[in-house]
Amino acid sequence: MKNNIRSGAIHKNITFRLGLILLLAVVSSCGEDFLERKPKGQLTFDTFFETSDHAVWATNAIYQKFRTWEMCAFPWIGITDIISDDADKGSTPTDALYMLQLDQFSFDATNEGINGAWSGHYQLIFRANLAINNIPGIDMDEELRNRLVGEAKFLRAYTYFRLVQWFGDIPLVTSSLSQDEYYNQTRTSKEVVYDLIEQDLLDAIAVLPEKSDYPAADLGRATKGAARGMLAKLYMVKQQFADAIVQCDSIILSGEYMMLTRYSDNFLRVGEHGAESIFEISAVAEQAAIAGPGATPFNMVQGVRGVPNLGFGFNRPSDDLVADYEAGDPRRQATIIYVGEVLPDGSTIVQDNPEVLNERYNQKAWVPAHAGLNDNGPGNIRILRYSDILLLAAEAYNEEGNPGKALEYLNLVRARARGNNNFILPDITTMDKTELREILYHERRVELAMEQHRWFDLARWGRLADVMPLVQPNFVASKHILLPIPQSEIDLTGGALVQNNGY
Amino acid sequence: MKTLRILFYSLLWLPFTSIAQTTVTGMVLDANSNEPLIGVTILEAQTDHGTLTDLDGRFVFAVTSADPTLIFRYTGYTTVEVKLDGRDQLEIRMAEEATLFDQIVVVGYGTQKKSDLTGAVSSVKGKDLARIPTSNVEQALQGKVSGVYVAPSSGSPGAGAVIRIRGTGTLNNANPLYVIDGMITYDASNVNPEDVESIEVLKDASAAAIYGSRGANGVILITTKGGKTRDKASITASAYYGVQQITNYIDVLNASEFASAYNDLPSLDYFPNPDSLGVGTNYQDEIFRNAPISNFTLSANGGSEQYQYNFSGNYFSQDGIIENSHYDRLTFRINGEFKLNTYMSIGHNVSYSAIREDVAPGVVNTAYRMPPTLTPRDSTGDFTDPTFFGLPVANPSADLFYKSNNHNNASRLFGNMYADIHFLKNFTFRSNFGFDKGNRASQYFEPVFEVSASQLNKNDRLSVGTSSNNDWIWEQTVTYDRTWKAHHITALAGYTAEERENTSLGGSRENFPGSAQELLYLSAGNDTTQMNYQGASDEALTSNLFRVNYTFKSKYLLTASLRIDRSSRFTKANRTGTFPSASVGWNMTDEPFVQDLNFLDRLKVRASYGELGNQAASSRYPSTGAVTSGLYGVFGASESLNQGATLISLSNADLQWETSRQADIGVEVGFFDGRLAVEVDWYNRNTFDIIAAVPIPDYVGSQDDPVVNTAQIRNQGWDISANWREGGTVAYNFGVIVSPVTNTVEKLANGRNEIFAANINGEFASHTVVGLPIGGFYGYKVAGIFQSEEELDMSPKFGDEKIGDIRFADTNLDGILNGDDRTYLGSPIPKLTYSFTAGVEWNGFDLNADVLGVSGYSVFNAKETLRVGVYNWESHVIDRWTPDNPSQTEPRLINGGHNYRVSDRFIQDGDFIRLRNLSLGYTIPSRVTTKAKLDRLRVYVSGTNIWTKQKYSGYSPEFPNAGNTYEVGFDFGGYPVAKSWQAGIEIQF
């Protein structure tokens, strides 16, 4: 009996001690480190923008955005070429209604193409803002730092320039918005947007190298010439012709650029970043797998429908464009692929596709069969060519009352197009300002057709109301000269964004 | 719960004194499960003699009177009185009593008597789940618990369910938390329903607050069967086999109807003679099939006083009703508990499951869209190219043929191990380690094929992926339990830590030397085409928890609990969340004024209030801005890729818990000697600071919407259940569950009063707005069809309408038709769910029926809105407007555009009522089975979903969204739910 009590006491003692230990285990807690978790396989923003590499990467990421669907595929060609008199939708009649709506001016504020372009452009601006606002704080080589900020400013300015030409007044976002700023942005007047574009471009001109000053490995980055060219375009929009002349002439006199002998070479692989190229977005088809990281859908959506290109066949050069070429102008053949034509690489003859009405394709976006699938386009997206600058200069000189200088530049462009064939495209000689203006309208159209400039040019000239109704009876001048702000943006801001007239 | 009972009676084991005259021996069994009942009180009528059954349910009893009547009493069971009539051997089967009040129910970190509960907890027995042929418990819960809405997440084989407890309380993932034998998880798909002892649904704050930061959407506790002490193992074998088929077809146009509709479109070509085309092909015939489902289980249950065990093995195999889809699962479970000595025991609940799945390509939509004028294959046997119409629709038969080499394999080791130590008389310490280790492997091979320019694959490709999860929880709890005088107190304190980690690794290659299964390894492909990826994510949580239960005279009940959670998902400043709750109850049964009411034999009222949390967000790192890399710039003459990286989406470092505050008042009443049990709860559940990635304007430039604390939502409703149970030769039961709930958005943060979502054809179709339910449908109202030029001129319109187009209502009557005329068009959240269950047992026959109803909601037929090409139409377009048929309801046919604006034209009533299950069984009489050395043998036939009444034109009108709650109810053509017939057998020996 005694024994039992003793062992019971010991037993109790052990369980008591054990109990104490266990209680301690209950109240103890793991260290804070246990709760510190970071995303795996990803840089995090709290330690980003700290090194020179980060600055370069953040800038490169802006260029990448130009190769995405919204920036170069349906949304882009939809509201540049297809909406203009240069092109019709293409493909089969029932394919992608929202593109047809753009072509025929039956779109409204819910159009997928317009909405895609809007969001894509602002996403690019988001990246550019990050670079512009954060790179200056990085301790790194000053020259490189300035250049990268200059590149980002050029890219932001160019992107805003597109938006302001499409939509007019727009929300002007120059930094990452905070939560209480998401929903209450209003439209900034286009003059203020122009001011930002101008300042960004002036800043870029000050720090960016000329094309030839870049190391070979950096070919394709924004240059001083590109920034000057974009600024010249801005001045043309603002009708500051003298200012435009300054920018154009400094490009012309820089000796950095010249026209290629053969017009059509500009749009072949050999012409990429050629002497005539002032700015283009490089792309490369890396491998046969799905969309490689360096590729674009730009070529795919415009490619020849069916074998061998497996393109979508959108952006069909219009009858109106075809008719506008002067007799024998070789630029027509260089711009348009017809049924029965041998593809530029000689690979095959374009077959007649019975599903497609009035079948034609944009040769300037055509690329030969390549390593990748059809969605892995290797073709660079041409943004600004030297002949564009020559024609801008010609326009500006004409407006400023210097037709001689205008004719000099205009005839350079025509001479190159003419090549060795002296029976076509004679030199222009008129000194009449109005007549020359009309001639320049025409020349600009055929020189730059299907390169996504036409809508902006017509808008800049104030000619949309004169030109568009001739090809699209639905066009209403009071409404369609500006595109609608996406309805979803108006909804989300509770009406803080006011819609453009007529939508 | 039975284990507890065993323990209880083992302790009270006291042989009654007896004066021997005649000795009766026998056994007492549960009438339903044939389990021996331990500790049943046996009394000789009109004497004070009595005894108890032993651990095997056996008894030896010396009766004293001449022809005595024996009375068998057992808590929770209907008392049985038997006249001995000279027999000296008895086998007594006792049926569970109608009342559910005396059950032991599992609550978080412990158990409680149902009568002592102050929170709203519903309990479902495992045997009530198993009637539905399904691989998992989630779908089997449908219609079983008041306040719980269950919708199958898909009809694909092995699919789980989306569950909403007491309405939709958040904008993000509103799924409840699962706790399987103490291991916390969000995926209960590995539990074989036949292994389930009971499922408890913790509905109110008092019950669920002990799960703190993850309890806001309710908690489902799954307890698997433990072993029972008996001298011979009980072995159970069961099997069923069934056939499933599609519940209904969608009424689409046949070939001649389609051709005539097509001819109304502006198009280059047309059908010269539509009538000659006949019915053509119904592509639903091409993709659906009758599919077998089967299930086999073998289990052994038994144990001694030192060790109790339950082993089970299960094989479940289900073919999908869509061709080429299949799911099978092998599950093993080993549950055991060892008593090491008088103060210490250890135990484990471990399951291993292996899943194999064949995934069919998504063909529901393509079959719905395919022109019926085409055959799946042309006269040469090749797949028909459907782009004959210039439309990018895929031939579903070809997709099934070329894209079905898609397999998943998964295995999961899941369970827990624990040690219980009793010390200092009233204390119990438990250390519980839970683990969940899963591995998944996927393989998808697509051969080279070309059906059309948009349905082709130029390069054969094999993609493989593996992923794994490694989750663990370690919980330390101390429980203090003491009864003195009329007081009973149970107190719990604990500390838990857990970590969850996921990894993935995969790759792909092209150009394989063949498509035979043994060649399908990456190494066989061309290495210049390889792509690969690897990723991982993790999270951690530490918590303190406390709870006190106090009862006085078993009449006055009080519970208070507190959980403090610290989560890695939030920044240090916002990391800690504190979740308190309190509840009171009053057992009025023994109060004199209740005793006076004869018909009333039980009455309890209770009330609770508490706070719960929700840390769910789309990412485990919502507070950290992740920099995306691989955004290459292409530079240089050689066009090389230059690394690019930046932030592409905004994050939110200020993110904090979302908190739900819930009040609950409940009444539990028993009538007519426990035959009728009624339980009614009213609740008001407010969720604050709801975490959601709500759409922000595109001009912000963030590619993904940042996750923010944004809204406040209220769910107010009733959980009502009533059960009538009557024993006897004809035993029957009847149950009703009714759960009405009102969902209201109270507030949206940042001064915003709306959230738009579900962009369809460029317009938002879902609009969450203050004062209305979450995710209400939004769009134009159809006012009519333009019949004349005058009507066109007079009516507000968008501008490009023609005669025959829809005239939308100018709802704000401003004379202009624009976006401001869009309005609320209905809610996808059901206002009411209800169910009926009925069962009758007679002479070994049992007949059971479950009926389920959902009402007061709408669904959006989104598959009808998307018309990228000329697809087939639903048959209502036969009545379309034409100059000869001036329809007032169906517009003229155009392929997209004006008539396809988001409008109530696509919104339909979702209400349905369904015979969820009907089963007829027969248990062979024991006099026959005992000869065959069997304890029990039951055979049955049953039907599932065999009858449905619905208004919706599609398949089953259940379109939940597990990801968020403001974009639900959209039918984009998912895998439909099946109906099935099955026959089964259950053997016990």
# chains A, B, ... in the order shown; residues from 1 in each chain; ligands from 1
>>> residues_around(residues="Glu443 of chain A", least_positions_apart="5", cutoff="10 Å", atoms="only C-alpha atoms", output="list in words")
Asp324, Tyr325, Glu326, Leu391, Leu410, Asn411, Val413, Arg414, Arg437, Glu438, Leu448 and Ala449 of chain A
>>> write_last_selection(atoms="C-alpha atoms", output="tab-separated table (two decimals), in the first residue's frame")
chain	number	residue	atom	x	y	z
A	324	ASP	CA	-4.16	56.45	-105.81
A	325	TYR	CA	-0.81	55.28	-107.14
A	326	GLU	CA	0.50	57.02	-110.23
A	391	LEU	CA	8.38	64.53	-96.70
A	410	LEU	CA	9.96	65.79	-102.30
A	411	ASN	CA	11.83	65.00	-105.47
A	413	VAL	CA	11.76	60.74	-102.42
A	414	ARG	CA	10.25	60.46	-105.88
A	437	ARG	CA	0.31	70.80	-100.52
A	438	GLU	CA	-2.08	68.53	-102.42
A	448	LEU	CA	4.13	55.52	-96.43
A	449	ALA	CA	1.03	53.44	-97.28
>>> residues_around(residues="Glu451 of chain A", least_positions_apart="6", cutoff="12 Å", atoms="only C-alpha atoms", output="PyMOL selection string")
chain A and resi 72+76-77+80-82+84+86-87+266-267+280+298+302+315+317+335-336+362-366+381-385+388+444-445+457
>>> residues_around(residues="segment 514-521 of chain B", least_positions_apart="6", cutoff="9 Å", atoms="only C-alpha atoms", output="list in words")
Gln443, Phe445, Glu446, Pro447, Asp460, Leu462 and Val464 of chain B
>>> closest_residue(among="B:Gln46, B:Thr41, B:Ser608, B:Ser629", to="chain A", atoms="only C-alpha atoms")
B:Ser629
>>> select_by_dssp(residues="segment 79-315 of chain B", states="strand (DSSP E or B)", output="JSON, numbers by chain")
{"B": [80, 81, 82, 83, 89, 90, 91, 92, 93, 94, 96, 104, 105, 106, 107, 110, 111, 112, 113, 121, 122, 123, 124, 125, 148, 149, 150, 151, 152, 161, 162, 163, 164, 165, 177, 178, 179, 180, 183, 184, 185, 196, 197, 198, 199, 200, 201, 202, 219, 220, 221, 222, 223, 224, 230, 231, 232, 233, 234, 235, 236, 237, 238, 239, 240, 241, 242, 243, 244, 245, 246, 252, 288, 291, 292, 293, 294, 295, 296, 297, 298, 299, 300, 301, 302, 303, 307, 308, 309, 310, 311, 312, 313, 314, 315]}
>>> atom_distance(atom1="atom CA of Phe59 of chain B", atom2="atom CA of Thr79 of chain B")
16.6 Å
>>> select_by_dssp(residues="segment 219-428 of chain A", states="helix (DSSP H, G or I)", output="MDAnalysis selection string")
chainID A and resid 224:237 241:254 263:267 269:271 298:302 319:324 330:335 363:365 386:399 403:418
>>> residues_around(residues="Arg187 of chain A", least_positions_apart="5", cutoff="6 Å", atoms="only C-alpha atoms", output="ChimeraX atom specification")
/A:169-171
>>> write_last_selection(atoms="N, CA and C atoms", output="mmCIF file, in the first residue's frame")
data_model
loop_
_atom_site.group_PDB
_atom_site.id
_atom_site.type_symbol
_atom_site.label_atom_id
_atom_site.label_comp_id
_atom_site.auth_asym_id
_atom_site.auth_seq_id
_atom_site.Cartn_x
_atom_site.Cartn_y
_atom_site.Cartn_z
ATOM 1 N N ASP A 169 -8.170 64.761 -75.640
ATOM 2 C CA ASP A 169 -7.811 64.884 -74.223
ATOM 3 C C ASP A 169 -7.810 63.502 -73.575
ATOM 4 N N ILE A 170 -6.819 63.236 -72.749
ATOM 5 C CA ILE A 170 -6.699 61.908 -72.136
ATOM 6 C C ILE A 170 -6.182 62.054 -70.708
ATOM 7 N N PRO A 171 -6.392 61.040 -69.870
ATOM 8 C CA PRO A 171 -5.761 61.086 -68.547
ATOM 9 C C PRO A 171 -4.241 61.095 -68.717
#
>>> residues_around(residues="Pro378 of chain A", least_positions_apart="4", cutoff="8 Å", atoms="only C-alpha atoms", output="PyMOL selection string")
chain A and resi 283-285+294-296+299+367+370
>>> closest_residue(among="A:Ser52, A:Thr110, A:Gln101, A:Gln452", to="chain B", atoms="only C-alpha atoms")
A:Thr110
>>> residues_around(residues="Ala765 of chain B", least_positions_apart="5", cutoff="10 Å", atoms="only C-alpha atoms", output="mmCIF file with N, CA and C atoms, in the first residue's frame")
data_model
loop_
_atom_site.group_PDB
_atom_site.id
_atom_site.type_symbol
_atom_site.label_atom_id
_atom_site.label_comp_id
_atom_site.auth_asym_id
_atom_site.auth_seq_id
_atom_site.Cartn_x
_atom_site.Cartn_y
_atom_site.Cartn_z
ATOM 1 N N PHE B 756 -17.242 46.535 -61.543
ATOM 2 C CA PHE B 756 -17.636 45.921 -62.812
ATOM 3 C C PHE B 756 -16.778 44.689 -63.069
ATOM 4 N N ALA B 757 -17.369 43.697 -63.706
ATOM 5 C CA ALA B 757 -16.594 42.521 -64.063
ATOM 6 C C ALA B 757 -17.276 41.818 -65.229
ATOM 7 N N ALA B 758 -16.644 40.743 -65.692
ATOM 8 C CA ALA B 758 -17.163 39.899 -66.766
ATOM 9 C C ALA B 758 -17.377 40.685 -68.057
ATOM 10 N N ASN B 759 -16.281 41.043 -68.674
ATOM 11 C CA ASN B 759 -16.359 41.769 -69.934
ATOM 12 C C ASN B 759 -16.819 40.835 -71.056
ATOM 13 N N ILE B 760 -18.010 41.090 -71.557
ATOM 14 C CA ILE B 760 -18.555 40.276 -72.641
ATOM 15 C C ILE B 760 -18.833 41.192 -73.822
ATOM 16 N N GLY B 775 -22.223 40.758 -57.512
ATOM 17 C CA GLY B 775 -22.132 40.256 -58.880
ATOM 18 C C GLY B 775 -23.449 40.199 -59.616
ATOM 19 N N GLY B 776 -24.332 41.153 -59.366
ATOM 20 C CA GLY B 776 -25.594 41.181 -60.099
ATOM 21 C C GLY B 776 -25.351 41.340 -61.595
ATOM 22 N N PHE B 777 -26.222 40.738 -62.385
ATOM 23 C CA PHE B 777 -26.096 40.906 -63.836
ATOM 24 C C PHE B 777 -26.527 42.319 -64.212
ATOM 25 N N TYR B 778 -25.937 42.806 -65.279
ATOM 26 C CA TYR B 778 -26.067 44.228 -65.592
ATOM 27 C C TYR B 778 -26.069 44.386 -67.102
ATOM 28 N N GLY B 779 -26.977 45.168 -67.599
ATOM 29 C CA GLY B 779 -26.994 45.385 -69.039
ATOM 30 C C GLY B 779 -28.280 46.067 -69.452
ATOM 31 N N TYR B 780 -28.590 45.962 -70.737
ATOM 32 C CA TYR B 780 -29.782 46.617 -71.277
ATOM 33 C C TYR B 780 -30.989 45.721 -71.108
ATOM 34 N N ARG B 822 -28.181 50.964 -68.933
ATOM 35 C CA ARG B 822 -27.969 49.615 -68.421
ATOM 36 C C ARG B 822 -28.431 49.568 -66.971
ATOM 37 N N TYR B 824 -29.748 46.789 -63.443
ATOM 38 C CA TYR B 824 -29.651 45.504 -62.749
ATOM 39 C C TYR B 824 -30.605 44.497 -63.383
ATOM 40 N N LEU B 825 -30.094 43.337 -63.718
ATOM 41 C CA LEU B 825 -30.915 42.369 -64.444
ATOM 42 C C LEU B 825 -31.108 41.063 -63.689
ATOM 43 N N PHE B 860 -26.587 33.495 -66.612
ATOM 44 C CA PHE B 860 -26.291 34.235 -67.834
ATOM 45 C C PHE B 860 -25.796 33.240 -68.881
ATOM 46 N N ALA B 862 -23.859 32.821 -71.339
ATOM 47 C CA ALA B 862 -22.781 33.549 -72.015
ATOM 48 C C ALA B 862 -22.331 32.864 -73.295
ATOM 49 N N ARG B 901 -25.494 42.937 -77.661
ATOM 50 C CA ARG B 901 -25.152 43.721 -76.486
ATOM 51 C C ARG B 901 -25.603 42.951 -75.252
ATOM 52 N N VAL B 902 -24.897 43.176 -74.158
ATOM 53 C CA VAL B 902 -25.260 42.479 -72.923
ATOM 54 C C VAL B 902 -26.642 42.948 -72.481
ATOM 55 N N SER B 903 -27.585 42.038 -72.470
ATOM 56 C CA SER B 903 -28.958 42.411 -72.133
ATOM 57 C C SER B 903 -29.664 41.243 -71.470
ATOM 58 N N GLU B 967 -18.135 37.302 -60.159
ATOM 59 C CA GLU B 967 -18.210 36.912 -61.561
ATOM 60 C C GLU B 967 -18.716 35.477 -61.623
ATOM 61 N N PHE B 970 -22.157 32.564 -64.934
ATOM 62 C CA PHE B 970 -21.985 32.666 -66.381
ATOM 63 C C PHE B 970 -21.758 31.281 -66.975
#
>>> atom_distance(atom1="atom CA of Asp814 of chain B", atom2="atom CA of Gly799 of chain B")
15.8 Å
>>> residues_around(residues="Leu492 of chain A", least_positions_apart="2", cutoff="10 Å", atoms="only C-alpha atoms", output="short mmCIF file (atom, residue, chain, number, x, y, z; two decimals) with N, CA and C atoms, in the first residue's frame")
data_model
loop_
_atom_site.label_atom_id
_atom_site.label_comp_id
_atom_site.auth_asym_id
_atom_site.auth_seq_id
_atom_site.Cartn_x
_atom_site.Cartn_y
_atom_site.Cartn_z
N TYR A 182 -6.86 55.87 -58.19
CA TYR A 182 -7.21 54.96 -59.29
C TYR A 182 -8.42 55.45 -60.09
N TYR A 183 -9.44 55.87 -59.37
CA TYR A 183 -10.74 56.00 -60.02
C TYR A 183 -11.14 57.43 -60.36
N ASN A 184 -10.30 58.40 -60.00
CA ASN A 184 -10.78 59.77 -60.13
C ASN A 184 -9.98 60.61 -61.13
N GLN A 487 -15.78 52.41 -72.86
CA GLN A 487 -16.92 52.51 -71.93
C GLN A 487 -16.54 52.00 -70.54
N SER A 488 -15.70 50.97 -70.49
CA SER A 488 -15.32 50.41 -69.19
C SER A 488 -14.58 51.45 -68.35
N GLU A 489 -13.81 52.34 -68.99
CA GLU A 489 -13.10 53.36 -68.24
C GLU A 489 -14.07 54.40 -67.69
N ILE A 490 -15.06 54.71 -68.49
CA ILE A 490 -16.06 55.68 -68.04
C ILE A 490 -16.86 55.09 -66.88
N GLY A 494 -16.88 56.22 -62.78
CA GLY A 494 -18.16 56.78 -62.41
C GLY A 494 -18.46 58.07 -63.16
N GLY A 495 -17.94 58.14 -64.38
CA GLY A 495 -18.22 59.31 -65.20
C GLY A 495 -17.22 60.45 -65.02
N ALA A 496 -16.18 60.25 -64.20
CA ALA A 496 -15.15 61.30 -64.08
C ALA A 496 -14.47 61.52 -65.44
N LEU A 497 -14.37 60.46 -66.22
CA LEU A 497 -13.92 60.61 -67.60
C LEU A 497 -15.16 60.87 -68.45
N PRO B 695 -11.52 45.35 -60.57
CA PRO B 695 -11.03 46.06 -61.74
C PRO B 695 -10.76 47.54 -61.45
N ILE B 696 -9.65 48.01 -61.93
CA ILE B 696 -9.35 49.43 -61.86
C ILE B 696 -9.22 49.93 -63.29
N PRO B 697 -9.32 51.23 -63.51
CA PRO B 697 -9.24 51.72 -64.89
C PRO B 697 -7.93 51.31 -65.56
N ASP B 698 -7.98 51.11 -66.84
CA ASP B 698 -6.79 50.71 -67.59
C ASP B 698 -5.74 51.80 -67.63
N ARG B 752 -16.11 54.30 -53.76
CA ARG B 752 -16.67 53.71 -54.97
C ARG B 752 -17.97 53.01 -54.63
N ASN B 753 -18.88 53.01 -55.55
CA ASN B 753 -20.11 52.32 -55.27
C ASN B 753 -20.40 51.21 -56.26
N GLU B 754 -19.38 50.77 -56.97
CA GLU B 754 -19.63 49.69 -57.92
C GLU B 754 -18.34 48.97 -58.29
N ILE B 755 -18.49 47.69 -58.62
CA ILE B 755 -17.39 46.92 -59.18
C ILE B 755 -17.92 46.29 -60.46
N PHE B 756 -17.24 46.54 -61.54
CA PHE B 756 -17.64 45.92 -62.81
C PHE B 756 -16.78 44.69 -63.07
#
>>> closest_residue(among="B:Ser397, B:Ser267, B:Ser294, B:Asn409", to="chain A", atoms="only C-alpha atoms")
B:Ser267
